[in-house]
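Peer 1: So that you have it, the file is protein.pdb, and it contains PDB, C-alpha atoms, pLDDT in the B column:
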ATOM      1  CA  MET A   1      84.775-123.375 127.227  1.00 74.00           C
ATOM      2  CA  ASN A   2      81.226-122.268 128.027  1.00 86.00           C
ATOM      3  CA  GLN A   3      78.982-125.364 127.991  1.00 89.00           C
ATOM      4  CA  THR A   4      75.786-123.294 127.911  1.00 92.00           C
ATOM      5  CA  LYS A   5      76.930-121.492 124.765  1.00 92.00           C
ATOM      6  CA  VAL A   6      77.841-124.788 123.060  1.00 93.00           C
ATOM      7  CA  LYS A   7      74.485-126.333 124.069  1.00 94.00           C
ATOM      8  CA  ASP A   8      72.640-123.323 122.630  1.00 95.00           C
ATOM      9  CA  LEU A   9      74.547-123.725 119.338  1.00 94.00           C
ATOM     10  CA  VAL A  10      73.702-127.440 119.208  1.00 95.00           C
ATOM     11  CA  ASP A  11      70.034-126.735 119.978  1.00 95.00           C
ATOM     12  CA  GLU A  12      70.026-124.125 117.204  1.00 95.00           C
ATOM     13  CA  ALA A  13      71.382-126.688 114.726  1.00 95.00           C
ATOM     14  CA  LEU A  14      68.954-129.385 115.892  1.00 95.00           C
ATOM     15  CA  ALA A  15      66.004-127.014 115.492  1.00 95.00           C
ATOM     16  CA  LEU A  16      66.524-127.170 111.711  1.00 94.00           C
ATOM     17  CA  ASN A  17      65.737-130.897 111.728  1.00 94.00           C
ATOM     18  CA  GLU A  18      62.969-131.883 114.177  1.00 93.00           C
ATOM     19  CA  THR A  19      63.762-135.611 113.836  1.00 95.00           C
ATOM     20  CA  LEU A  20      67.148-135.145 115.547  1.00 95.00           C
ATOM     21  CA  PHE A  21      67.700-134.892 119.293  1.00 95.00           C
ATOM     22  CA  LEU A  22      70.646-134.439 121.653  1.00 96.00           C
ATOM     23  CA  ILE A  23      71.772-137.472 123.642  1.00 95.00           C
ATOM     24  CA  ASP A  24      74.919-136.156 125.295  1.00 95.00           C
ATOM     25  CA  LEU A  25      77.169-133.101 125.372  1.00 95.00           C
ATOM     26  CA  SER A  26      80.453-133.071 127.220  1.00 95.00           C
ATOM     27  CA  ILE A  27      83.420-130.740 127.319  1.00 94.00           C
ATOM     28  CA  SER A  28      86.663-132.052 128.827  1.00 93.00           C
ATOM     29  CA  VAL A  29      89.188-129.948 130.723  1.00 91.00           C
ATOM     30  CA  ASN A  30      91.332-129.623 127.579  1.00 91.00           C
ATOM     31  CA  ASN A  31      88.308-128.312 125.601  1.00 92.00           C
ATOM     32  CA  LYS A  32      87.445-131.480 123.704  1.00 95.00           C
ATOM     33  CA  ILE A  33      83.780-131.041 122.824  1.00 95.00           C
ATOM     34  CA  GLN A  34      81.887-134.303 122.288  1.00 96.00           C
ATOM     35  CA  ILE A  35      78.329-134.126 120.985  1.00 96.00           C
ATOM     36  CA  THR A  36      76.172-137.223 120.568  1.00 96.00           C
ATOM     37  CA  VAL A  37      72.958-136.873 118.557  1.00 96.00           C
ATOM     38  CA  ASP A  38      70.342-139.400 117.512  1.00 95.00           C
ATOM     39  CA  GLY A  39      67.369-139.255 115.204  1.00 94.00           C
ATOM     40  CA  ASP A  40      63.947-140.836 114.944  1.00 92.00           C
ATOM     41  CA  ASN A  41      65.027-142.269 111.570  1.00 90.00           C
ATOM     42  CA  GLY A  42      68.775-142.432 112.135  1.00 90.00           C
ATOM     43  CA  VAL A  43      71.309-139.667 111.547  1.00 94.00           C
ATOM     44  CA  PRO A  44      72.887-139.160 108.124  1.00 94.00           C
ATOM     45  CA  LEU A  45      76.551-138.150 108.019  1.00 95.00           C
ATOM     46  CA  SER A  46      75.517-134.878 106.365  1.00 95.00           C
ATOM     47  CA  GLU A  47      73.579-133.916 109.514  1.00 96.00           C
ATOM     48  CA  CYS A  48      76.592-134.604 111.769  1.00 96.00           C
ATOM     49  CA  ILE A  49      78.667-132.383 109.476  1.00 96.00           C
ATOM     50  CA  ARG A  50      76.009-129.636 109.502  1.00 96.00           C
ATOM     51  CA  ILE A  51      75.817-129.647 113.313  1.00 96.00           C
ATOM     52  CA  SER A  52      79.609-129.653 113.594  1.00 96.00           C
ATOM     53  CA  ARG A  53      79.937-126.686 111.246  1.00 95.00           C
ATOM     54  CA  ASN A  54      77.209-124.744 113.052  1.00 94.00           C
ATOM     55  CA  VAL A  55      79.049-125.120 116.364  1.00 94.00           C
ATOM     56  CA  GLU A  56      82.561-124.671 114.973  1.00 93.00           C
ATOM     57  CA  ASN A  57      81.741-121.562 112.918  1.00 92.00           C
ATOM     58  CA  SER A  58      80.207-119.863 115.960  1.00 91.00           C
ATOM     59  CA  LEU A  59      83.165-120.426 118.275  1.00 90.00           C
ATOM     60  CA  ASP A  60      86.446-118.518 118.036  1.00 87.00           C
ATOM     61  CA  ARG A  61      89.582-120.690 118.050  1.00 85.00           C
ATOM     62  CA  GLU A  62      91.698-117.549 118.581  1.00 85.00           C
ATOM     63  CA  GLU A  63      89.871-116.911 121.838  1.00 87.00           C
ATOM     64  CA  GLU A  64      89.947-120.523 123.071  1.00 87.00           C
ATOM     65  CA  ASP A  65      91.317-123.583 121.249  1.00 91.00           C
ATOM     66  CA  PHE A  66      89.107-126.668 121.106  1.00 92.00           C
ATOM     67  CA  SER A  67      88.495-129.952 119.326  1.00 94.00           C
ATOM     68  CA  LEU A  68      85.020-130.976 118.222  1.00 95.00           C
ATOM     69  CA  GLU A  69      83.449-134.367 117.619  1.00 96.00           C
ATOM     70  CA  VAL A  70      79.828-134.966 116.577  1.00 96.00           C
ATOM     71  CA  THR A  71      78.768-138.615 116.686  1.00 95.00           C
ATOM     72  CA  THR A  72      75.748-140.888 116.880  1.00 94.00           C
ATOM     73  CA  PRO A  73      75.169-143.311 119.778  1.00 92.00           C
ATOM     74  CA  ASP A  74      77.115-146.552 119.780  1.00 86.00           C
ATOM     75  CA  ILE A  75      74.891-149.667 119.751  1.00 83.00           C
ATOM     76  CA  SER A  76      76.716-150.939 122.851  1.00 85.00           C
ATOM     77  CA  HIS A  77      75.747-147.880 124.924  1.00 89.00           C
ATOM     78  CA  PRO A  78      72.554-147.784 127.004  1.00 94.00           C
ATOM     79  CA  LEU A  79      69.482-145.902 125.827  1.00 95.00           C
ATOM     80  CA  LYS A  80      69.251-142.460 127.441  1.00 93.00           C
ATOM     81  CA  ASP A  81      66.343-140.624 125.836  1.00 93.00           C
ATOM     82  CA  LYS A  82      62.660-141.622 125.659  1.00 94.00           C
ATOM     83  CA  ARG A  83      62.720-141.029 121.891  1.00 94.00           C
ATOM     84  CA  GLN A  84      65.353-143.776 121.588  1.00 95.00           C
ATOM     85  CA  TYR A  85      62.863-146.268 123.026  1.00 95.00           C
ATOM     86  CA  VAL A  86      60.216-145.285 120.464  1.00 94.00           C
ATOM     87  CA  LYS A  87      62.805-145.658 117.716  1.00 93.00           C
ATOM     88  CA  ASN A  88      63.620-149.196 118.915  1.00 94.00           C
ATOM     89  CA  ILE A  89      60.087-150.621 119.084  1.00 95.00           C
ATOM     90  CA  ASN A  90      60.055-154.258 117.882  1.00 96.00           C
ATOM     91  CA  ARG A  91      63.704-154.757 118.854  1.00 95.00           C
ATOM     92  CA  ILE A  92      64.951-156.935 121.697  1.00 96.00           C
ATOM     93  CA  LEU A  93      66.056-154.989 124.780  1.00 96.00           C
ATOM     94  CA  THR A  94      67.828-155.971 127.958  1.00 96.00           C
ATOM     95  CA  VAL A  95      66.422-153.796 130.751  1.00 96.00           C
ATOM     96  CA  LYS A  96      67.785-153.645 134.294  1.00 96.00           C
ATOM     97  CA  THR A  97      65.778-152.286 137.197  1.00 95.00           C
ATOM     98  CA  ALA A  98      66.761-152.186 140.859  1.00 92.00           C
ATOM     99  CA  GLU A  99      64.950-155.497 141.497  1.00 92.00           C
ATOM    100  CA  GLU A 100      65.366-157.574 138.331  1.00 94.00           C
ATOM    101  CA  GLU A 101      66.524-157.847 134.730  1.00 96.00           C
ATOM    102  CA  PHE A 102      64.241-158.360 131.733  1.00 96.00           C
ATOM    103  CA  GLU A 103      64.960-159.363 128.158  1.00 96.00           C
ATOM    104  CA  GLY A 104      62.176-159.071 125.640  1.00 97.00           C
ATOM    105  CA  THR A 105      60.800-157.368 122.589  1.00 97.00           C
ATOM    106  CA  LEU A 106      59.936-153.710 123.098  1.00 97.00           C
ATOM    107  CA  THR A 107      56.301-153.551 122.008  1.00 97.00           C
ATOM    108  CA  GLU A 108      55.287-150.168 123.376  1.00 95.00           C
ATOM    109  CA  ALA A 109      56.942-146.941 124.523  1.00 96.00           C
ATOM    110  CA  ASP A 110      55.129-143.792 125.586  1.00 94.00           C
ATOM    111  CA  THR A 111      55.987-140.783 127.731  1.00 92.00           C
ATOM    112  CA  ASN A 112      55.883-142.696 131.049  1.00 95.00           C
ATOM    113  CA  LYS A 113      56.652-146.359 130.452  1.00 96.00           C
ATOM    114  CA  ILE A 114      57.753-149.175 128.181  1.00 97.00           C
ATOM    115  CA  VAL A 115      56.237-152.618 127.607  1.00 97.00           C
ATOM    116  CA  LEU A 116      58.379-155.703 126.967  1.00 97.00           C
ATOM    117  CA  THR A 117      57.065-159.096 125.823  1.00 97.00           C
ATOM    118  CA  TRP A 118      58.815-162.459 125.689  1.00 96.00           C
ATOM    119  CA  LYS A 119      57.949-166.157 125.504  1.00 95.00           C
ATOM    120  CA  VAL A 120      58.762-168.739 128.184  1.00 93.00           C
ATOM    121  CA  ARG A 121      58.180-172.460 128.506  1.00 92.00           C
ATOM    122  CA  GLU A 122      56.248-173.372 131.637  1.00 91.00           C
ATOM    123  CA  PRO A 123      54.882-176.660 132.932  1.00 90.00           C
ATOM    124  CA  LYS A 124      51.310-177.398 131.862  1.00 88.00           C
ATOM    125  CA  PRO A 125      48.726-176.734 134.566  1.00 86.00           C
ATOM    126  CA  ILE A 126      47.385-180.265 134.087  1.00 85.00           C
ATOM    127  CA  GLY A 127      49.382-183.201 132.817  1.00 84.00           C
ATOM    128  CA  LYS A 128      52.958-183.597 131.729  1.00 87.00           C
ATOM    129  CA  GLY A 129      54.977-181.417 129.394  1.00 89.00           C
ATOM    130  CA  LYS A 130      55.382-177.716 128.903  1.00 92.00           C
ATOM    131  CA  VAL A 131      53.477-174.969 127.184  1.00 92.00           C
ATOM    132  CA  THR A 132      54.751-171.699 125.694  1.00 92.00           C
ATOM    133  CA  VAL A 133      53.394-168.652 127.520  1.00 93.00           C
ATOM    134  CA  LEU A 134      53.638-164.999 126.454  1.00 95.00           C
ATOM    135  CA  LYS A 135      54.809-162.776 129.314  1.00 95.00           C
ATOM    136  CA  THR A 136      54.754-158.989 129.497  1.00 96.00           C
ATOM    137  CA  ALA A 137      56.366-156.415 131.759  1.00 95.00           C
ATOM    138  CA  THR A 138      55.389-152.773 132.024  1.00 96.00           C
ATOM    139  CA  ILE A 139      58.303-150.704 133.311  1.00 96.00           C
ATOM    140  CA  ASP A 140      58.263-147.001 134.200  1.00 96.00           C
ATOM    141  CA  TYR A 141      61.202-144.979 132.869  1.00 96.00           C
ATOM    142  CA  LYS A 142      62.043-143.882 136.411  1.00 95.00           C
ATOM    143  CA  ASP A 143      62.602-147.534 137.379  1.00 95.00           C
ATOM    144  CA  ILE A 144      65.006-148.284 134.522  1.00 96.00           C
ATOM    145  CA  LYS A 145      68.630-148.364 135.639  1.00 96.00           C
ATOM    146  CA  GLU A 146      69.963-149.421 132.218  1.00 96.00           C
ATOM    147  CA  ALA A 147      68.459-150.478 128.904  1.00 96.00           C
ATOM    148  CA  LYS A 148      70.400-151.746 125.914  1.00 95.00           C
ATOM    149  CA  VAL A 149      69.404-152.980 122.489  1.00 95.00           C
ATOM    150  CA  LYS A 150      70.429-156.621 122.102  1.00 93.00           C
ATOM    151  CA  ILE A 151      72.447-157.254 118.984  1.00 87.00           C
ATOM    152  CA  VAL A 152      71.097-160.310 117.142  1.00 82.00           C
ATOM    153  CA  PHE A 153      72.953-161.823 114.198  1.00 81.00           C
TER     154      PHE A 153
END
Would you give me this structure, written as structure tokens?
Peer 2:
Amino acid sequence: MNQTKVKDLVDEALALNETLFLIDLSISVNNKIQITVDGDNGVPLSECIRISRNVENSLDREEEDFSLEVTTPDISHPLKDKRQYVKNINRILTVKTAEEEFEGTLTEADTNKIVLTWKVREPKPIGKGKVTVLKTATIDYKDIKEAKVKIVF
């Protein structure tokens, strides 16, 4: 199966809805095509069906047999695309870098970096007791090893 041809078909389908974007495309050795798409406002089932049909109708099963699956990202999987960070502003993220791990609310995401904020209790500078302090971390995308949305019930 030609991955470039499949990617072109997916891009063609995504071009009809600018809010959707490709997260992952894989083709296994037994021609199982897995396409993962996400959207700035989520992905309706009808869009997954439309993308699937666009790809399936353009490939010939007589020439090469295949199976096709179009899905949205699982909440347990790490964020891969910068647009996913923008979509998840005001949610709690767990972000791992090479040096440390952060957990905080995503307050900002642009083309180069993200900003996380969280509260911690620290000893008062003078006297006994503790005070709540707001901390922030600015992290470049290139430094992020893994980022996941924390599921809060």
Peer 1: Once the PyMOL selection byres ((chain A and resi 19) around 8) is applied to the coordinates I shared, what remains selected? I want it as a PyMOL selection string.
Peer 2: chain A and resi 17-18+20-21+39-41
Peer 1: Would you translate the PyMOL selection byres ((chain A and resi 23) around 12) into the concrete set of residues it matches in this file, as a list in words?
Peer 2: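 The output of the PyMOL selection byres ((chain A and resi 23) around 12) on this file is Lys7, Val10, Asp11, Leu14, Leu20, Phe21, Leu22, Asp24, Leu25, Ser26, Gln34, Ile35, Thr36, Val37, Asp38, Gly39, Val70, Thr71, Thr72, Pro73, Asp74, His77, Pro78, Leu79, Lys80, Asp81, Lys82, Arg83 and Gln84 of chain A.
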Peer 1: Using Å and a single decimal, report how far atom CA of Lys145 of chain A sits from atom CA of Phe102 of chain A.
Peer 2: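 These atoms are spaced 11.6 Å apart.
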Peer 1: Can you pull out the residues contacting Leu116 of chain A? Cut-off 6 Å, using all atoms listed in the file, and skip same-chain residues under 5 positions away; I want them as number ranges by chain.
Peer 2: A: 104-107, 136-137
Peer 1: Apply the PyMOL selection byres ((chain A and resi 122) around 7) to the structure shown and report the selected residues as number ranges by chain.
Peer 2: A: 120-121, 123-124, 130-133
Peer 1: What's the separation between atom CA of Trp118 of chain A and atom CA of Val43 of chain A, in Å to one decimal place?
Peer 2: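 Straight-line distance from atom CA of Trp118 of chain A to atom CA of Val43 of chain A works out to 29.6 Å.
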Peer 1: Give as JSON, numbers by chain every residue, naming chains and numbers as the document does, that has an atom within 12 Å of (53.2, -146.0, 129.8), counting all atoms listed in the file.
Peer 2: {"A": [82, 85, 86, 107, 108, 109, 110, 111, 112, 113, 114, 115, 116, 137, 138, 139, 140, 141, 142]}
Peer 1: Would you please work out which residue, of A:Ile27, A:Asn90, A:Met1, A:Ala98, is nearest to Leu59 of chain A when using all atoms listed in the file?
Peer 2: A:Met1
Peer 1: In Å to one decimal, how far is atom CA of Gly42 of chain A from atom CA of Glu146 of chain A?
Peer 2: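 According to the coordinates, atom CA of Glu146 of chain A and atom CA of Gly42 of chain A are separated by 21.3 Å.
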Peer 1: Here is a test: counting only C-alpha atoms, which residue of A:Asn30, A:Thr4, A:Leu93, A:Val152 is nearest to Glu64 of chain A?
Peer 2: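 Ranked by minimum distance to Glu64 of chain A, first place goes to A:Asn30.
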Peer 1: Give the answer as one residue: which of A:Ile126, A:Leu134, A:Ala147, A:Ile75 has the shortest atom-to-atom distance to Glu101 of chain A, using all atoms listed in the file?
Peer 2: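 Distance minimum relative to Glu101 of chain A lands on A:Ala147.
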Peer 1: Pick the closest to Val95 of chain A from A:Ile151, A:Ile33, A:Ile144, A:Leu16: which is it, counting all atoms listed in the file?
Peer 2: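 Ranking A:Ile151, A:Ile33, A:Ile144, A:Leu16 by distance to Val95 of chain A, first place goes to A:Ile144.
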Peer 1: Which one of A:Thr117, A:Gln3, A:Ser28, A:Thr97 sits closest to Ser67 of chain A if you count all atoms listed in the file?
Peer 2: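 For Ser67 of chain A, the nearest of the candidates is A:Ser28.
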Peer 1: Produce the centre coordinates and the three edge lengths, each in Å to one decimal, of the box along x, y and z that contains all listed atoms of segment 140-153 of chain A with 4 Å added on each side, as lines of an AutoDock Vina configuration file.
Peer 2:
center_x = 65.6
center_y = -152.9
center_z = 125.8
size_x = 22.7
size_y = 25.9
size_z = 31.2
